[in-house]
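J.: You'll find query.tsv just under this line, and it carries TSV, C-alpha atoms.
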```tsv
chain	number	residue	atom	x	y	z
A	1	MET	CA	79.19	69.66	34.34
A	2	THR	CA	78.34	73.05	32.93
A	3	LYS	CA	77.91	73.49	29.23
A	4	LYS	CA	77.26	76.87	27.68
A	5	ILE	CA	74.45	76.51	25.21
A	6	HIS	CA	73.54	80.00	24.13
A	7	THR	CA	74.12	83.71	24.67
A	8	ILE	CA	72.61	86.96	23.42
A	9	THR	CA	73.31	90.65	24.02
A	10	CYS	CA	70.88	93.33	23.04
A	11	ALA	CA	69.95	96.91	23.86
A	12	ALA	CA	67.86	97.13	27.04
A	13	GLN	CA	64.82	98.52	25.27
A	14	VAL	CA	61.34	97.08	25.66
A	15	GLU	CA	61.01	96.93	21.86
A	16	LYS	CA	63.74	94.26	21.86
A	17	LEU	CA	61.50	91.87	23.75
A	18	GLY	CA	60.76	89.91	20.58
A	19	GLU	CA	64.45	89.02	20.21
A	20	ILE	CA	64.64	88.00	23.85
A	21	ALA	CA	61.50	85.87	23.58
A	22	GLU	CA	62.90	84.11	20.52
A	23	PHE	CA	66.17	83.46	22.34
A	24	VAL	CA	64.40	81.98	25.36
A	25	GLU	CA	62.21	79.84	23.13
A	26	GLU	CA	65.26	78.44	21.34
A	27	CYS	CA	67.02	77.70	24.64
A	28	ALA	CA	63.95	76.03	26.09
A	29	GLU	CA	63.50	73.91	22.99
A	30	CYS	CA	67.17	73.01	22.76
A	31	PHE	CA	67.20	71.99	26.43
A	32	GLY	CA	63.90	70.15	26.26
A	33	LEU	CA	62.09	72.20	28.88
A	34	ASP	CA	58.47	71.12	29.09
A	35	VAL	CA	55.91	73.47	27.54
A	36	LYS	CA	54.45	74.79	30.77
A	37	ARG	CA	57.88	75.54	32.23
A	38	ALA	CA	59.04	77.13	28.99
A	39	PHE	CA	56.06	79.47	29.22
A	40	GLY	CA	56.94	80.31	32.83
A	41	MET	CA	60.50	81.04	31.82
A	42	GLN	CA	59.29	83.33	29.02
A	43	VAL	CA	57.25	85.34	31.51
A	44	ALA	CA	60.03	85.44	34.12
A	45	VAL	CA	62.57	86.63	31.56
A	46	GLU	CA	60.22	89.29	30.20
A	47	GLU	CA	59.63	90.63	33.71
A	48	ALA	CA	63.38	90.69	34.42
A	49	PHE	CA	64.17	92.36	31.09
A	50	VAL	CA	61.46	95.00	31.42
A	51	ASN	CA	62.70	95.82	34.92
A	52	ILE	CA	66.25	96.23	33.62
A	53	CYS	CA	64.95	98.62	30.96
A	54	SER	CA	63.10	100.72	33.55
A	55	TYR	CA	65.24	100.52	36.68
A	56	ALA	CA	68.80	99.53	35.83
A	57	TYR	CA	68.90	102.03	32.98
A	58	PRO	CA	66.38	104.70	33.92
A	59	GLU	CA	67.85	106.97	31.27
A	60	GLY	CA	68.20	104.23	28.66
A	61	GLY	CA	71.31	103.44	26.67
A	62	GLY	CA	72.55	100.16	28.17
A	63	ASP	CA	72.68	96.53	27.12
A	64	ALA	CA	71.47	93.31	28.68
A	65	THR	CA	73.16	89.95	28.16
A	66	MET	CA	71.58	86.55	28.59
A	67	THR	CA	73.55	83.36	28.95
A	68	ALA	CA	71.81	80.02	29.04
A	69	SER	CA	73.52	76.89	30.26
A	70	ALA	CA	72.51	73.38	31.11
A	71	GLU	CA	73.47	72.23	34.57
A	72	GLU	CA	72.51	68.61	34.99
A	73	ASP	CA	68.72	68.56	34.92
A	74	CYS	CA	68.31	72.34	35.08
A	75	LEU	CA	68.25	75.14	32.59
A	76	VAL	CA	70.13	78.11	34.05
A	77	LEU	CA	69.67	81.55	32.59
A	78	GLU	CA	71.73	84.48	33.77
A	79	ILE	CA	70.62	87.97	32.86
A	80	THR	CA	73.34	90.58	33.24
A	81	ASP	CA	73.33	94.35	32.92
A	82	LYS	CA	75.78	97.14	33.70
A	83	GLY	CA	73.17	99.53	35.04
A	84	ILE	CA	72.67	100.96	38.50
A	85	PRO	CA	72.39	98.38	41.30
A	86	PHE	CA	68.88	96.99	41.20
A	87	ASN	CA	67.50	93.83	42.73
A	88	VAL	CA	64.09	92.99	41.33
A	89	LEU	CA	63.69	90.30	44.02
A	90	LEU	CA	63.44	92.97	46.71
A	91	LEU	CA	60.24	94.41	45.27
A	92	PRO	CA	57.30	93.67	47.58
A	93	ASP	CA	54.71	91.08	46.57
A	94	PRO	CA	51.37	92.43	45.42
A	95	ASP	CA	48.26	91.61	47.47
A	96	THR	CA	46.70	88.99	45.21
A	97	SER	CA	43.53	88.77	47.28
A	98	LYS	CA	42.18	92.26	46.58
A	99	ASP	CA	39.23	92.85	44.28
A	100	ILE	CA	39.16	94.88	41.08
A	101	ALA	CA	38.56	98.27	42.70
A	102	GLU	CA	41.27	97.89	45.32
A	103	ARG	CA	43.83	96.00	43.34
A	104	GLU	CA	46.81	98.15	42.48
A	105	ILE	CA	48.11	98.29	38.97
A	106	GLY	CA	51.58	96.81	38.79
A	107	GLY	CA	53.90	95.06	41.19
A	108	LEU	CA	53.54	91.64	39.64
A	109	GLY	CA	56.86	91.44	37.80
A	110	GLY	CA	59.12	90.38	40.67
A	111	TYR	CA	56.41	88.11	41.99
A	112	PHE	CA	56.14	86.27	38.67
A	113	ILE	CA	59.92	85.85	38.50
A	114	ARG	CA	59.86	84.13	41.90
A	115	ARG	CA	56.76	82.06	41.27
A	116	LEU	CA	57.55	80.85	37.77
A	117	THR	CA	61.09	79.65	38.39
A	118	ASP	CA	62.40	76.88	40.66
A	119	ASN	CA	65.18	79.04	41.98
A	120	VAL	CA	66.19	82.64	41.49
A	121	SER	CA	69.02	84.70	42.93
A	122	TYR	CA	70.52	88.13	42.50
A	123	ARG	CA	74.11	89.22	42.87
A	124	ARG	CA	76.08	92.38	42.16
A	125	GLU	CA	79.46	91.52	40.70
A	126	ASN	CA	82.03	93.64	38.83
A	127	GLU	CA	79.54	96.50	38.71
A	128	GLU	CA	76.97	94.29	37.05
A	129	ASN	CA	73.53	93.16	38.13
A	130	ILE	CA	73.24	89.41	37.63
A	131	LEU	CA	69.93	87.66	37.99
A	132	LYS	CA	70.11	83.88	37.86
A	133	LEU	CA	66.99	81.91	36.96
A	134	VAL	CA	66.90	78.13	37.35
A	135	LEU	CA	64.25	75.78	36.00
A	136	HIS	CA	64.12	72.02	36.24
A	137	ARG	CA	63.45	70.33	32.93
A	138	THR	CA	60.15	68.88	34.08
A	139	GLY	CA	57.78	69.56	36.93
A	140	GLY	CA	57.68	67.77	40.23
A	141	SER	CA	61.37	66.99	40.39
B	1	MET	CA	49.13	90.71	18.56
B	2	ASN	CA	45.95	91.25	16.65
B	3	ILE	CA	42.64	92.51	18.03
B	4	GLN	CA	39.27	91.92	16.40
B	5	THR	CA	35.95	93.27	17.63
B	6	THR	CA	32.42	92.00	17.09
B	7	LYS	CA	29.44	93.99	18.25
B	8	GLU	CA	26.79	91.82	19.88
B	9	SER	CA	23.49	93.18	21.18
B	10	THR	CA	24.55	93.18	24.83
B	11	ALA	CA	28.31	93.46	24.68
B	12	MET	CA	31.33	94.08	22.51
B	13	VAL	CA	33.32	90.90	21.93
B	14	VAL	CA	37.04	91.62	21.72
B	15	THR	CA	39.16	88.79	20.37
B	16	VAL	CA	42.87	88.97	21.16
B	17	VAL	CA	45.22	86.88	19.05
B	18	GLY	CA	48.91	86.33	19.82
B	19	ARG	CA	50.99	87.84	22.61
B	20	LEU	CA	49.92	90.36	25.23
B	21	ASP	CA	53.29	91.52	26.55
B	22	ALA	CA	55.19	94.71	27.40
B	23	VAL	CA	55.41	95.61	23.71
B	24	THR	CA	51.79	94.96	22.73
B	25	ALA	CA	50.00	95.96	25.96
B	26	PRO	CA	49.87	99.70	25.09
B	27	GLU	CA	48.12	98.80	21.83
B	28	TYR	CA	45.51	96.79	23.78
B	29	GLU	CA	44.92	99.72	26.13
B	30	GLN	CA	44.58	102.19	23.25
B	31	LYS	CA	42.03	99.92	21.57
B	32	PHE	CA	39.91	99.85	24.73
B	33	ILE	CA	40.22	103.59	25.29
B	34	ALA	CA	38.94	104.09	21.72
B	35	LEU	CA	36.03	101.66	22.21
B	36	ILE	CA	35.08	103.25	25.53
B	37	SER	CA	35.14	106.73	24.01
B	38	GLU	CA	32.77	105.40	21.33
B	39	GLY	CA	30.35	104.60	24.15
B	40	GLU	CA	31.03	100.91	24.72
B	41	SER	CA	31.12	99.78	28.34
B	42	ARG	CA	30.36	96.05	28.36
B	43	PHE	CA	33.06	93.80	27.00
B	44	ILE	CA	33.73	90.12	26.58
B	45	VAL	CA	37.42	89.53	25.97
B	46	ASP	CA	37.97	86.29	24.11
B	47	PHE	CA	41.39	84.84	24.95
B	48	GLU	CA	41.04	81.57	23.05
B	49	LYS	CA	43.84	82.57	20.66
B	50	LEU	CA	45.97	84.32	23.25
B	51	ASP	CA	49.35	82.54	23.27
B	52	TYR	CA	51.06	84.50	25.99
B	53	ILE	CA	50.46	87.07	28.72
B	54	SER	CA	52.85	88.75	31.18
B	55	SER	CA	52.37	91.26	34.00
B	56	ALA	CA	52.31	94.07	31.42
B	57	GLY	CA	49.27	92.36	29.85
B	58	LEU	CA	47.55	91.93	33.21
B	59	ARG	CA	48.31	95.54	34.03
B	60	VAL	CA	46.36	96.86	31.01
B	61	LEU	CA	43.60	94.35	31.64
B	62	LEU	CA	43.18	95.79	35.13
B	63	ALA	CA	43.57	99.39	33.97
B	64	THR	CA	40.82	98.99	31.36
B	65	ALA	CA	38.57	97.17	33.84
B	66	LYS	CA	38.93	100.07	36.30
B	67	ARG	CA	38.12	102.47	33.47
B	68	VAL	CA	34.83	100.75	32.52
B	69	LYS	CA	33.86	100.21	36.13
B	70	GLY	CA	33.74	103.98	36.48
B	71	LYS	CA	31.18	103.97	33.68
B	72	SER	CA	29.10	101.17	35.24
B	73	GLY	CA	30.40	98.79	32.62
B	74	ALA	CA	32.17	95.47	32.91
B	75	ILE	CA	34.84	93.35	31.34
B	76	VAL	CA	34.44	89.60	31.47
B	77	LEU	CA	36.87	87.06	30.07
B	78	ALA	CA	36.26	83.97	27.98
B	79	ASN	CA	38.30	80.93	26.94
B	80	ILE	CA	41.27	81.26	29.25
B	81	GLY	CA	43.14	78.02	29.15
B	82	GLY	CA	46.44	76.26	28.86
B	83	THR	CA	49.58	77.95	29.98
B	84	VAL	CA	47.96	81.41	30.09
B	85	LYS	CA	45.67	80.25	32.88
B	86	GLU	CA	48.57	79.73	35.28
B	87	VAL	CA	49.43	83.43	35.08
B	88	PHE	CA	45.84	84.28	35.99
B	89	ASP	CA	45.85	81.78	38.83
B	90	ILE	CA	49.06	82.86	40.55
B	91	SER	CA	48.36	86.58	40.14
B	92	GLY	CA	44.92	86.30	41.70
B	93	PHE	CA	43.40	87.78	38.51
B	94	GLY	CA	41.42	84.58	38.10
B	95	SER	CA	39.29	85.66	41.03
B	96	ILE	CA	38.94	89.36	40.22
B	97	PHE	CA	37.67	88.85	36.68
B	98	PRO	CA	34.55	86.87	35.84
B	99	MET	CA	35.73	84.08	33.53
B	100	TYR	CA	33.61	81.92	31.24
B	101	GLU	CA	34.30	78.80	29.25
B	102	SER	CA	33.07	80.28	26.00
B	103	VAL	CA	31.94	83.54	24.44
B	104	ALA	CA	28.40	82.10	24.27
B	105	THR	CA	28.21	81.46	28.02
B	106	ALA	CA	29.74	84.88	28.69
B	107	LEU	CA	27.08	86.51	26.51
B	108	THR	CA	24.32	84.67	28.36
B	109	ALA	CA	25.79	85.83	31.65
B	110	VAL	CA	26.07	89.52	30.69
B	111	GLU	CA	22.50	89.52	29.40
B	112	LYS	CA	21.20	88.85	32.88
```
Output the file's structure in the form of structure tokens.
T.:
Amino acid sequence: MTKKIHTITCAAQVEKLGEIAEFVEECAECFGLDVKRAFGMQVAVEEAFVNICSYAYPEGGGDATMTASAEEDCLVLEITDKGIPFNVLLLPDPDTSKDIAEREIGGLGGYFIRRLTDNVSYRRENEENILKLVLHRTGGS
Amino acid sequence: MNIQTTKESTAMVVTVVGRLDAVTAPEYEQKFIALISEGESRFIVDFEKLDYISSAGLRVLLATAKRVKGKSGAIVLANIGGTVKEVFDISGFGSIFPMYESVATALTAVEK
């Protein structure tokens, strides 16, 4: 059974992150996501949103929509934009073993999205980028 | 986010309160650039009251660390715990930054 629990649309501008964070917090609370997972979802959503701002709309001007739903024991969050095709999951992983001098600045966003969710997938549909994040309510399930 | 600084004899203690995200990270970087231009090069960043950090936060942490390294300085971190720690662990930042359990132990370490 799928039940829509929440949706938000806002301009894809980094300054809107506060609104997004509040939305995710409400969804996580409403769903009963445990604290650690709620934090992971916050980070994953920020990374996805910031990437939409930079890559899907390189010249600005578009919107992003988030729809949260509960699917059995999972919180599912879909982030949709109408920008140019962009799959954040195809970005290469950073080398997390390098030291301070060698470590490159950046490249962690896509990696965090993958690591901090239980499942993530990208699809291009009706000229929209759709990133689907799935988190189980509690760990170890 | 709010940043407070306390000058100790061997290092500048920078206390970060709130969220270090894509919106607030530039402010963090500007603060460090200002402190470095004032001649500071040894920092203890106290994250006890840091509620949240994302890759944008880690990015400025690394950028400022590279900046002070060029001036033979150092940035060490104190009081990283809770949910914030996971971000440090999975990113590998937990092993590239010296981390201490308290500002006091960090101060003792930088004195050496």
J.: Sorted by chain and rising residue number, which residues of chain B lie within 10 Å of chain A, and what are their closest atom pairs and distances in Å to one decimal, counting all atoms listed in the file, as CSV?
T.:
```
residue,atom,partner,partner_atom,distance
B:Asp21,CA,A:Glu46,CA,8.1
B:Ala22,CA,A:Val14,CA,6.8
B:Val23,CA,A:Glu15,CA,6.0
B:Thr24,CA,A:Glu15,CA,9.5
B:Asp51,CA,A:Phe39,CA,9.5
B:Tyr52,CA,A:Phe39,CA,7.8
B:Ile53,CA,A:Val43,CA,7.5
B:Ser54,CA,A:Val43,CA,5.6
B:Ser55,CA,A:Leu108,CA,5.8
B:Ala56,CA,A:Gly106,CA,7.9
B:Leu58,CA,A:Gly106,CA,8.4
B:Arg59,CA,A:Ile105,CA,5.7
B:Val60,CA,A:Ile105,CA,8.3
B:Leu61,CA,A:Ile105,CA,9.5
B:Leu62,CA,A:Ile105,CA,6.7
B:Ala63,CA,A:Ile105,CA,6.8
B:Ala65,CA,A:Ile100,CA,7.6
B:Lys66,CA,A:Ala101,CA,6.7
B:Lys69,CA,A:Ala101,CA,8.3
B:Gly70,CA,A:Ala101,CA,9.7
B:Gly82,CA,A:Lys36,CA,8.4
B:Thr83,CA,A:Lys36,CA,5.9
B:Val84,CA,A:Phe39,CA,8.4
B:Glu86,CA,A:Gly40,CA,8.7
B:Val87,CA,A:Phe112,CA,8.1
B:Asp89,CA,A:Thr96,CA,9.7
B:Ile90,CA,A:Arg115,CA,7.8
B:Ser91,CA,A:Thr96,CA,5.9
B:Gly92,CA,A:Thr96,CA,4.8
B:Phe93,CA,A:Thr96,CA,7.6
B:Gly94,CA,A:Thr96,CA,9.9
B:Ser95,CA,A:Asp99,CA,7.9
B:Ile96,CA,A:Asp99,CA,5.4
B:Phe97,CA,A:Ile100,CA,7.6
```
J.: What does the distance from CA of Ala109 in chain B to CA of Glu38 in chain B come to in Å, to one decimal?
T.: 23.2 Å
J.: Which residues are near Phe23 in chain A? Cut-off 12 Å, all atoms listed in the file, ignore same chain within fewer than 6 positions. Put them as a PyMOL selection string.
T.: chain A and resi 5-10+16-17+29-30+38+41-42+45-46+65-68+77
J.: Can you work out which one of A:Ala48, A:Ala64, A:Ala12, A:Pro92 has the shortest atom-to-atom distance to Tyr122 in chain A, counting only C-alpha atoms?
T.: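 Answer, going by the shortest atom-to-atom distance: A:Ala48.
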J.: Please write out, as lines of an AutoDock Vina configuration file, where the centre of an axis-aligned box around all listed atoms of range 121-133 of chain A lies and how long its edges are, in Å to one decimal, after adding 5 Å on each side.
T.:
```
center_x = 74.5
center_y = 89.2
center_z = 39.9
size_x = 25.0
size_y = 24.6
size_z = 16.0
```
J.: Could you pull out every residue with an atom within 12 Å of (22.8, 94.6, 23.1), file coordinates, counting only C-alpha atoms, and send them as a PyMOL selection string?
T.: chain B and resi 6-13+40-43+107-108+110-112
J.: Just give me the gap between CA of Gly60 in chain A and CA of Pro85 in chain A in Å, one decimal is fine.
T.: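 CA of Gly60 in chain A sits 14.5 Å away from CA of Pro85 in chain A.
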J.: In Å, how far is it from CA of Lys85 in chain B to CA of Glu26 in chain A?
T.: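 That distance, rounded to one decimal, is 22.8 Å.
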J.: Would you mind completing range 1-36 of chain B so that it carries N, CA and C atoms, and writing it out as an mmCIF file, keeping the file's coordinate frame?
T.:
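Just written: result_32.cif:
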```cif
data_model
loop_
_atom_site.group_PDB
_atom_site.id
_atom_site.type_symbol
_atom_site.label_atom_id
_atom_site.label_comp_id
_atom_site.auth_asym_id
_atom_site.auth_seq_id
_atom_site.Cartn_x
_atom_site.Cartn_y
_atom_site.Cartn_z
ATOM 1 N N MET B 1 50.490 90.747 18.039
ATOM 2 C CA MET B 1 49.130 90.710 18.560
ATOM 3 C C MET B 1 48.171 91.328 17.564
ATOM 4 N N ASN B 2 46.990 90.759 17.526
ATOM 5 C CA ASN B 2 45.950 91.250 16.650
ATOM 6 C C ASN B 2 44.655 91.305 17.458
ATOM 7 N N ILE B 3 43.887 92.376 17.274
ATOM 8 C CA ILE B 3 42.640 92.510 18.030
ATOM 9 C C ILE B 3 41.473 92.661 17.048
ATOM 10 N N GLN B 4 40.470 91.800 17.224
ATOM 11 C CA GLN B 4 39.270 91.920 16.400
ATOM 12 C C GLN B 4 38.082 92.193 17.302
ATOM 13 N N THR B 5 37.127 92.981 16.814
ATOM 14 C CA THR B 5 35.950 93.270 17.630
ATOM 15 C C THR B 5 34.686 92.871 16.885
ATOM 16 N N THR B 6 33.731 92.349 17.633
ATOM 17 C CA THR B 6 32.420 92.000 17.090
ATOM 18 C C THR B 6 31.360 92.569 18.001
ATOM 19 N N LYS B 7 30.485 93.363 17.431
ATOM 20 C CA LYS B 7 29.440 93.990 18.250
ATOM 21 C C LYS B 7 28.259 93.033 18.373
ATOM 22 N N GLU B 8 27.976 92.636 19.628
ATOM 23 C CA GLU B 8 26.790 91.820 19.880
ATOM 24 C C GLU B 8 25.763 92.743 20.536
ATOM 25 N N SER B 9 24.525 92.279 20.673
ATOM 26 C CA SER B 9 23.490 93.180 21.180
ATOM 27 C C SER B 9 23.747 93.655 22.610
ATOM 28 N N THR B 10 24.366 92.790 23.435
ATOM 29 C CA THR B 10 24.550 93.180 24.830
ATOM 30 C C THR B 10 25.988 93.498 25.216
ATOM 31 N N ALA B 11 26.910 93.206 24.337
ATOM 32 C CA ALA B 11 28.310 93.460 24.680
ATOM 33 C C ALA B 11 29.183 93.506 23.423
ATOM 34 N N MET B 12 30.347 94.080 23.592
ATOM 35 C CA MET B 12 31.330 94.080 22.510
ATOM 36 C C MET B 12 32.280 92.910 22.770
ATOM 37 N N VAL B 13 32.400 92.034 21.779
ATOM 38 C CA VAL B 13 33.320 90.900 21.930
ATOM 39 C C VAL B 13 34.670 91.300 21.326
ATOM 40 N N VAL B 14 35.696 91.240 22.165
ATOM 41 C CA VAL B 14 37.040 91.620 21.720
ATOM 42 C C VAL B 14 37.912 90.366 21.692
ATOM 43 N N THR B 15 38.353 89.992 20.512
ATOM 44 C CA THR B 15 39.160 88.790 20.370
ATOM 45 C C THR B 15 40.639 89.179 20.246
ATOM 46 N N VAL B 16 41.443 88.641 21.157
ATOM 47 C CA VAL B 16 42.870 88.970 21.160
ATOM 48 C C VAL B 16 43.658 87.760 20.672
ATOM 49 N N VAL B 17 44.447 87.969 19.646
ATOM 50 C CA VAL B 17 45.220 86.880 19.050
ATOM 51 C C VAL B 17 46.715 87.175 19.222
ATOM 52 N N GLY B 18 47.459 86.172 19.713
ATOM 53 C CA GLY B 18 48.910 86.330 19.820
ATOM 54 C C GLY B 18 49.409 86.608 21.218
ATOM 55 N N ARG B 19 50.309 87.570 21.336
ATOM 56 C CA ARG B 19 50.990 87.840 22.610
ATOM 57 C C ARG B 19 50.550 89.162 23.215
ATOM 58 N N LEU B 20 50.215 89.120 24.502
ATOM 59 C CA LEU B 20 49.920 90.360 25.230
ATOM 60 C C LEU B 20 51.078 90.571 26.210
ATOM 61 N N ASP B 21 52.073 91.332 25.750
ATOM 62 C CA ASP B 21 53.290 91.520 26.550
ATOM 63 C C ASP B 21 53.617 93.004 26.682
ATOM 64 N N ALA B 22 54.819 93.306 27.148
ATOM 65 C CA ALA B 22 55.190 94.710 27.400
ATOM 66 C C ALA B 22 55.191 95.536 26.117
ATOM 67 N N VAL B 23 55.399 94.874 24.977
ATOM 68 C CA VAL B 23 55.410 95.610 23.710
ATOM 69 C C VAL B 23 53.992 95.861 23.201
ATOM 70 N N THR B 24 53.122 94.847 23.323
ATOM 71 C CA THR B 24 51.790 94.960 22.730
ATOM 72 C C THR B 24 50.721 95.517 23.680
ATOM 73 N N ALA B 25 51.012 95.512 24.986
ATOM 74 C CA ALA B 25 50.000 95.960 25.960
ATOM 75 C C ALA B 25 49.489 97.391 25.696
ATOM 76 N N PRO B 26 50.374 98.347 25.352
ATOM 77 C CA PRO B 26 49.870 99.700 25.090
ATOM 78 C C PRO B 26 48.836 99.732 23.952
ATOM 79 N N GLU B 27 49.043 98.864 22.963
ATOM 80 C CA GLU B 27 48.120 98.800 21.830
ATOM 81 C C GLU B 27 46.737 98.304 22.301
ATOM 82 N N TYR B 28 46.761 97.319 23.204
ATOM 83 C CA TYR B 28 45.510 96.790 23.780
ATOM 84 C C TYR B 28 44.776 97.901 24.533
ATOM 85 N N GLU B 29 45.523 98.645 25.334
ATOM 86 C CA GLU B 29 44.920 99.720 26.130
ATOM 87 C C GLU B 29 44.318 100.797 25.217
ATOM 88 N N GLN B 30 45.067 101.161 24.186
ATOM 89 C CA GLN B 30 44.580 102.190 23.250
ATOM 90 C C GLN B 30 43.283 101.739 22.577
ATOM 91 N N LYS B 31 43.225 100.459 22.222
ATOM 92 C CA LYS B 31 42.030 99.920 21.570
ATOM 93 C C LYS B 31 40.813 100.065 22.495
ATOM 94 N N PHE B 32 41.016 99.735 23.774
ATOM 95 C CA PHE B 32 39.910 99.850 24.730
ATOM 96 C C PHE B 32 39.520 101.297 24.974
ATOM 97 N N ILE B 33 40.518 102.169 25.077
ATOM 98 C CA ILE B 33 40.220 103.590 25.290
ATOM 99 C C ILE B 33 39.368 104.105 24.126
ATOM 100 N N ALA B 34 39.704 103.671 22.901
ATOM 101 C CA ALA B 34 38.940 104.090 21.720
ATOM 102 C C ALA B 34 37.503 103.551 21.795
ATOM 103 N N LEU B 35 37.362 102.267 22.137
ATOM 104 C CA LEU B 35 36.030 101.660 22.210
ATOM 105 C C LEU B 35 35.179 102.319 23.299
ATOM 106 N N ILE B 36 35.812 102.615 24.428
ATOM 107 C CA ILE B 36 35.080 103.250 25.530
ATOM 108 C C ILE B 36 34.639 104.665 25.123
#
```
